[in-house]
$ cat input-v6.txt   # compact mmCIF, C-alpha atoms
# COMPACT_ATOMS: atom_id res chain seq x y z
CA LEU I 1358 85.00 122.90 96.69
CA LYS I 1359 83.31 125.34 99.05
CA ASP I 1360 79.87 124.10 98.03
CA ASN I 1361 80.86 120.49 98.74
CA GLU I 1362 82.58 120.72 102.12
CA LEU I 1363 79.92 118.53 103.75
CA TRP I 1364 80.39 115.92 101.00
CA LEU I 1365 84.16 116.06 101.54
CA MET I 1366 83.76 115.72 105.31
CA GLU I 1367 81.53 112.66 104.93
CA ARG I 1368 83.98 111.17 102.44
CA ILE I 1369 87.03 111.57 104.67
CA LEU I 1370 85.11 110.22 107.66
CA ASN I 1371 84.19 107.12 105.64
CA TYR I 1372 87.81 106.59 104.67
CA ALA I 1373 89.02 107.23 108.23
CA LYS I 1374 86.50 104.80 109.74
CA ALA I 1375 87.21 102.10 107.15
CA GLN I 1376 90.96 102.28 107.77
CA GLY I 1377 90.84 102.62 111.57
CA TYR I 1378 92.07 106.22 111.82
CA THR I 1379 89.07 107.24 113.91
CA ASP I 1380 90.57 105.25 116.81
CA TYR I 1381 93.26 107.94 117.01
CA THR I 1382 91.36 111.09 116.13
CA SER I 1383 88.73 113.35 117.56
CA THR I 1384 85.19 112.07 117.33
CA LEU I 1385 83.89 115.64 117.17
CA VAL I 1386 82.34 116.46 113.81
CA GLU I 1387 83.59 120.04 114.21
CA ALA I 1388 87.22 118.88 114.15
CA TRP I 1389 86.64 117.04 110.87
CA ARG I 1390 84.76 120.01 109.43
CA ALA I 1391 87.59 122.38 110.39
CA SER I 1392 90.14 120.18 108.65
CA ILE I 1393 88.11 120.11 105.43
CA VAL I 1394 87.55 123.88 105.58
CA GLY I 1395 91.28 124.45 106.11
CA LEU I 1396 92.28 122.27 103.17
CA THR I 1397 89.55 123.75 100.98
CA GLU I 1398 90.78 127.25 101.80
CA ALA I 1399 94.33 126.21 100.91
CA VAL I 1400 93.28 124.90 97.48
CA VAL I 1401 91.01 127.89 96.82
CA GLU I 1402 93.86 130.25 97.80
CA ALA I 1403 96.12 128.40 95.38
CA GLY I 1404 93.50 128.84 92.66
CA ARG I 1405 93.51 132.58 93.27
CA GLU I 1406 97.30 132.72 93.20
CA TYR I 1407 98.08 130.37 90.31
CA GLY I 1408 94.98 130.69 88.13
CA ASP I 1409 95.27 128.29 85.21
CA VAL I 1410 98.93 127.40 85.86
CA LEU I 1411 99.88 124.31 87.87
CA PRO I 1412 101.80 125.00 91.10
CA GLU I 1413 105.44 123.87 90.95
CA PHE I 1414 108.13 123.07 93.52
CA GLU I 1415 111.51 124.71 94.04
CA PRO I 1416 114.48 123.20 95.90
CA GLU I 1417 114.90 126.01 98.47
CA GLU I 1418 111.31 127.06 99.06
CA LYS I 1419 110.17 128.65 102.32
CA PHE I 1420 106.79 127.02 102.75
CA GLU I 1421 105.94 128.87 105.97
CA ASP I 1422 105.36 132.00 103.90
CA ASP I 1423 103.09 130.26 101.41
CA PRO I 1424 99.38 130.80 102.15
CA MET I 1425 98.58 127.49 100.43
CA THR I 1426 100.86 125.42 102.67
CA ARG I 1427 100.40 127.35 105.92
CA PHE I 1428 97.42 125.23 107.00
CA GLY I 1429 99.29 121.97 106.43
CA VAL I 1430 102.35 123.15 108.35
CA LYS I 1431 100.19 124.30 111.27
CA GLU I 1432 98.25 121.01 111.39
CA ALA I 1433 101.41 118.94 111.14
CA ARG I 1434 102.90 120.84 114.07
CA LEU I 1435 99.77 120.38 116.19
CA HIS I 1436 99.58 116.66 115.48
CA ARG I 1437 103.31 116.17 116.05
CA GLU I 1438 102.96 117.93 119.43
CA ARG I 1439 100.27 115.41 120.35
CA GLY I 1440 102.66 112.54 119.65
CA ILE I 1441 101.21 111.51 116.29
CA SER I 1442 103.84 109.88 114.09
CA ILE I 1443 104.52 111.25 110.64
CA SER I 1444 103.48 107.93 109.10
CA MET I 1445 100.07 108.07 110.80
CA PHE I 1446 99.59 111.74 109.93
CA LEU I 1447 100.69 111.20 106.33
CA GLY I 1448 98.51 108.10 105.98
CA LEU I 1449 95.34 109.96 106.93
CA TYR I 1450 96.44 112.93 104.84
CA LYS I 1451 96.49 110.64 101.79
CA TYR I 1452 92.82 109.85 102.40
CA TYR I 1453 92.05 113.57 102.54
CA ARG I 1454 93.72 113.81 99.15
CA TYR I 1455 91.66 110.89 97.83
CA SER I 1456 88.50 112.58 99.10
CA PHE I 1457 89.29 115.75 97.12
CA ASP I 1458 90.21 113.68 94.08
CA ASP I 1459 86.93 111.75 94.39
CA LEU I 1460 85.05 115.05 94.38
CA VAL I 1461 86.83 116.27 91.25
CA LYS I 1462 85.93 112.99 89.52
CA THR I 1463 82.25 113.74 90.12
CA MET I 1464 82.45 117.16 88.43
CA GLU I 1465 80.34 117.51 85.32
CA VAL I 1466 82.77 119.43 83.11
CA GLN I 1467 84.77 118.78 79.96
CA THR I 1468 87.42 116.08 80.24
CA SER I 1469 90.29 118.53 79.72
CA GLN I 1470 89.00 120.82 82.47
CA LYS I 1471 88.49 117.87 84.83
CA GLU I 1472 92.05 116.65 84.17
CA PHE I 1473 93.44 120.11 84.90
CA CYS I 1474 91.41 120.30 88.14
CA ARG I 1475 92.67 116.86 89.21
CA SER I 1476 96.27 117.86 88.47
CA PHE I 1477 95.81 121.18 90.27
CA VAL I 1478 94.40 119.57 93.41
CA GLU I 1479 97.15 116.94 93.28
CA ARG I 1480 99.85 119.62 93.06
CA CYS I 1481 98.30 121.56 95.95
CA PHE I 1482 98.29 118.46 98.13
CA ASP I 1483 101.88 117.70 97.06
CA ARG I 1484 103.01 121.19 98.07
CA ILE I 1485 101.28 120.92 101.43
CA GLU I 1486 102.81 117.47 101.99
CA ILE I 1487 106.32 118.68 101.17
CA ALA I 1488 105.82 121.63 103.52
CA PHE I 1489 104.74 119.59 106.52
CA CYS I 1490 107.38 116.90 105.92
CA ASN I 1491 109.97 119.66 105.82
CA GLN I 1492 108.59 121.16 109.04
CA TRP I 1493 108.50 117.73 110.72
CA SER I 1494 112.06 116.84 109.73
CA GLU I 1495 113.59 120.12 110.95
CA LEU I 1496 112.82 119.26 114.57
CA THR I 1497 115.73 118.00 116.68
CA SER I 1498 115.28 115.15 119.18
CA ASP I 1499 115.56 117.55 122.12
CA GLU I 1500 112.97 119.87 120.61
CA ALA I 1501 110.64 116.92 119.99
CA VAL I 1502 110.91 115.79 123.63
CA ALA I 1503 110.30 119.33 124.90
CA GLU I 1504 107.31 119.68 122.56
CA LEU I 1505 105.79 116.41 123.81
CA GLN I 1506 106.39 117.34 127.45
CA ASN I 1507 104.65 120.65 126.96
CA SER I 1508 101.77 118.98 125.14
CA ASN I 1509 101.40 116.37 127.89
CA ARG I 1510 101.29 119.12 130.52
CA LEU I 1511 98.53 120.91 128.61
CA MET I 1512 96.53 117.69 128.15
CA THR I 1513 96.88 116.85 131.85
CA ASN I 1514 95.61 120.31 132.77
CA GLU I 1515 92.64 119.90 130.41
CA LYS I 1516 91.87 116.46 131.83
CA ASN I 1517 92.00 117.84 135.36
CA LYS I 1518 89.60 120.65 134.43
CA TYR I 1519 87.20 118.11 132.94
CA LEU I 1520 87.40 115.82 135.98
CA THR I 1521 86.91 118.75 138.37
CA LEU I 1522 83.86 119.93 136.46
CA PHE I 1523 82.43 116.44 136.02
CA SER I 1524 82.88 115.43 139.65
CA SER I 1525 81.38 118.66 140.98
CA LEU I 1526 78.07 118.41 139.11
CA GLN I 1527 75.01 118.42 141.36
CA ILE I 1528 72.98 116.34 138.92
CA PRO I 1529 73.51 112.70 137.94
CA ALA I 1530 75.72 112.50 134.85
CA PHE I 1531 76.82 109.41 132.95
CA LEU I 1532 79.18 108.98 130.03
CA ILE I 1533 78.08 106.02 127.96
CA ASP I 1534 80.08 104.41 125.16
CA GLU I 1535 78.78 103.26 121.76
CA GLN I 1536 77.84 99.85 123.19
CA GLY I 1537 75.73 101.43 125.94
CA MET I 1538 78.24 100.72 128.69
CA VAL I 1539 78.84 103.33 131.39
CA GLU I 1540 82.35 104.73 130.99
CA ASN I 1541 82.12 107.29 133.78
CA ALA I 1542 79.60 108.54 136.30
CA ASP I 1543 79.76 111.49 138.65
CA ALA I 1544 79.32 111.16 142.42
CA THR I 1545 75.63 112.11 142.24
CA ALA I 1546 74.98 109.38 139.64
CA VAL I 1547 76.80 106.78 141.74
CA LYS I 1548 74.76 107.80 144.77
CA LEU I 1549 71.55 107.56 142.71
CA LEU I 1550 72.40 104.03 141.61
CA GLY I 1551 73.42 103.00 145.12

$ encode --input "input-v6.txt" --output "structure tokens"
Amino acid sequence: LKDNELWLMERILNYAKAQGYTDYTSTLVEAWRASIVGLTEAVVEAGREYGDVLPEFEPEEKFEDDPMTRFGVKEARLHRERGISISMFLGLYKYYRYSFDDLVKTMEVQTSQKEFCRSFVERCFDRIEIAFCNQWSELTSDEAVAELQNSNRLMTNEKNKYLTLFSSLQIPAFLIDEQGMVENADATAVKLLG
């Protein structure tokens, strides 16, 4: 897995673009890389912990203490705070799972070993999914509103920092979209263009 993180990142990006998830996510490659690294670490950690035994589920598990599920719980919380619905988060998560499964399918090992690896990855993703669904569902309506308000405040502060920096540049600066259209220009750029 570690040796194929770039392959996994390209795979999830292809899925995300094909299904329209990139309209709602960061366009920064680093964000996609970090998500693949986090999931890879979770599966590798599970491999260290479980060895050649498939991970199981228990009815009263405390997933927050599980190193394998910690990444998923953290990511679910961050996305929920940004106002992402569980269906959108879970939908993209399924494509991450397919990306890992696609990688396992390409492995050149005995059929029995490949089947175990597929089952192991599947169980890891199942455990992570149960953990973040549990985390998501424990939130009350009041807590969800407070979380979104706090997140909106932070985003507004970040936007204001960006606008302050952008508008105070002493050189012409343009932000151009994928079609070559100007999305934003600082005061110096507007002055330059007349």

$ closest_residue --input "input-v6.txt" --among "I:Phe1457, I:Phe1531, I:Phe1414, I:Phe1482" --to "I:Tyr1372" --atoms "all atoms listed in the file"
I:Phe1457

$ atom_distance --input "input-v6.txt" --atom1 "atom CA of I:Thr1426" --atom2 "atom CA of I:Ala1375"
27.4 Å

$ atom_distance --input "input-v6.txt" --atom1 "atom CA of I:Glu1406" --atom2 "atom CA of I:Leu1370"
29.4 Å

$ residues_around --input "input-v6.txt" --residues "I:Asp1423" --least-positions-apart "6" --cutoff "10 Å" --atoms "only C-alpha atoms" --output "ChimeraX atom specification"
/I:1399,1402-1403,1430,1484-1485,1488

$ write_last_selection --input "input-v6.txt" --atoms "C-alpha atoms" --output "PDB file, keeping the file's coordinate frame"
ATOM      1  CA  ALA I1399      94.330 126.210 100.910  1.00  0.00           C
ATOM      2  CA  GLU I1402      93.860 130.250  97.800  1.00  0.00           C
ATOM      3  CA  ALA I1403      96.120 128.400  95.380  1.00  0.00           C
ATOM      4  CA  VAL I1430     102.350 123.150 108.350  1.00  0.00           C
ATOM      5  CA  ARG I1484     103.010 121.190  98.070  1.00  0.00           C
ATOM      6  CA  ILE I1485     101.280 120.920 101.430  1.00  0.00           C
ATOM      7  CA  ALA I1488     105.820 121.630 103.520  1.00  0.00           C
TER       8      ALA I1488
END

$ closest_residue --input "input-v6.txt" --among "I:Asp1360, I:Glu1413, I:Glu1438, I:Glu1418" --to "I:Arg1510" --atoms "all atoms listed in the file"
I:Glu1438

$ atom_distance --input "input-v6.txt" --atom1 "atom CA of I:Gln1527" --atom2 "atom CA of I:Glu1515"
20.8 Å

$ closest_residue --input "input-v6.txt" --among "I:Ala1542, I:Ser1442, I:Leu1460, I:Gly1377" --to "I:Leu1363" --atoms "all atoms listed in the file"
I:Leu1460

$ closest_residue --input "input-v6.txt" --among "I:Pro1529, I:Gly1537, I:Gly1551, I:Gly1429" --to "I:Trp1493" --atoms "only C-alpha atoms"
I:Gly1429

$ residues_near_point --input "input-v6.txt" --point "(99.8, 122.1, 87.5)" --cutoff "6 Å" --atoms "only C-alpha atoms" --output "PyMOL selection string"
chain I and resi 1410-1412+1476-1477

$ closest_residue --input "input-v6.txt" --among "I:Gln1470, I:Thr1397, I:Thr1513, I:Gln1376" --to "I:Asp1409" --atoms "all atoms listed in the file"
I:Gln1470

$ closest_residue --input "input-v6.txt" --among "I:Tyr1381, I:Phe1489, I:Val1478, I:Tyr1450" --to "I:Lys1462" --atoms "only C-alpha atoms"
I:Val1478
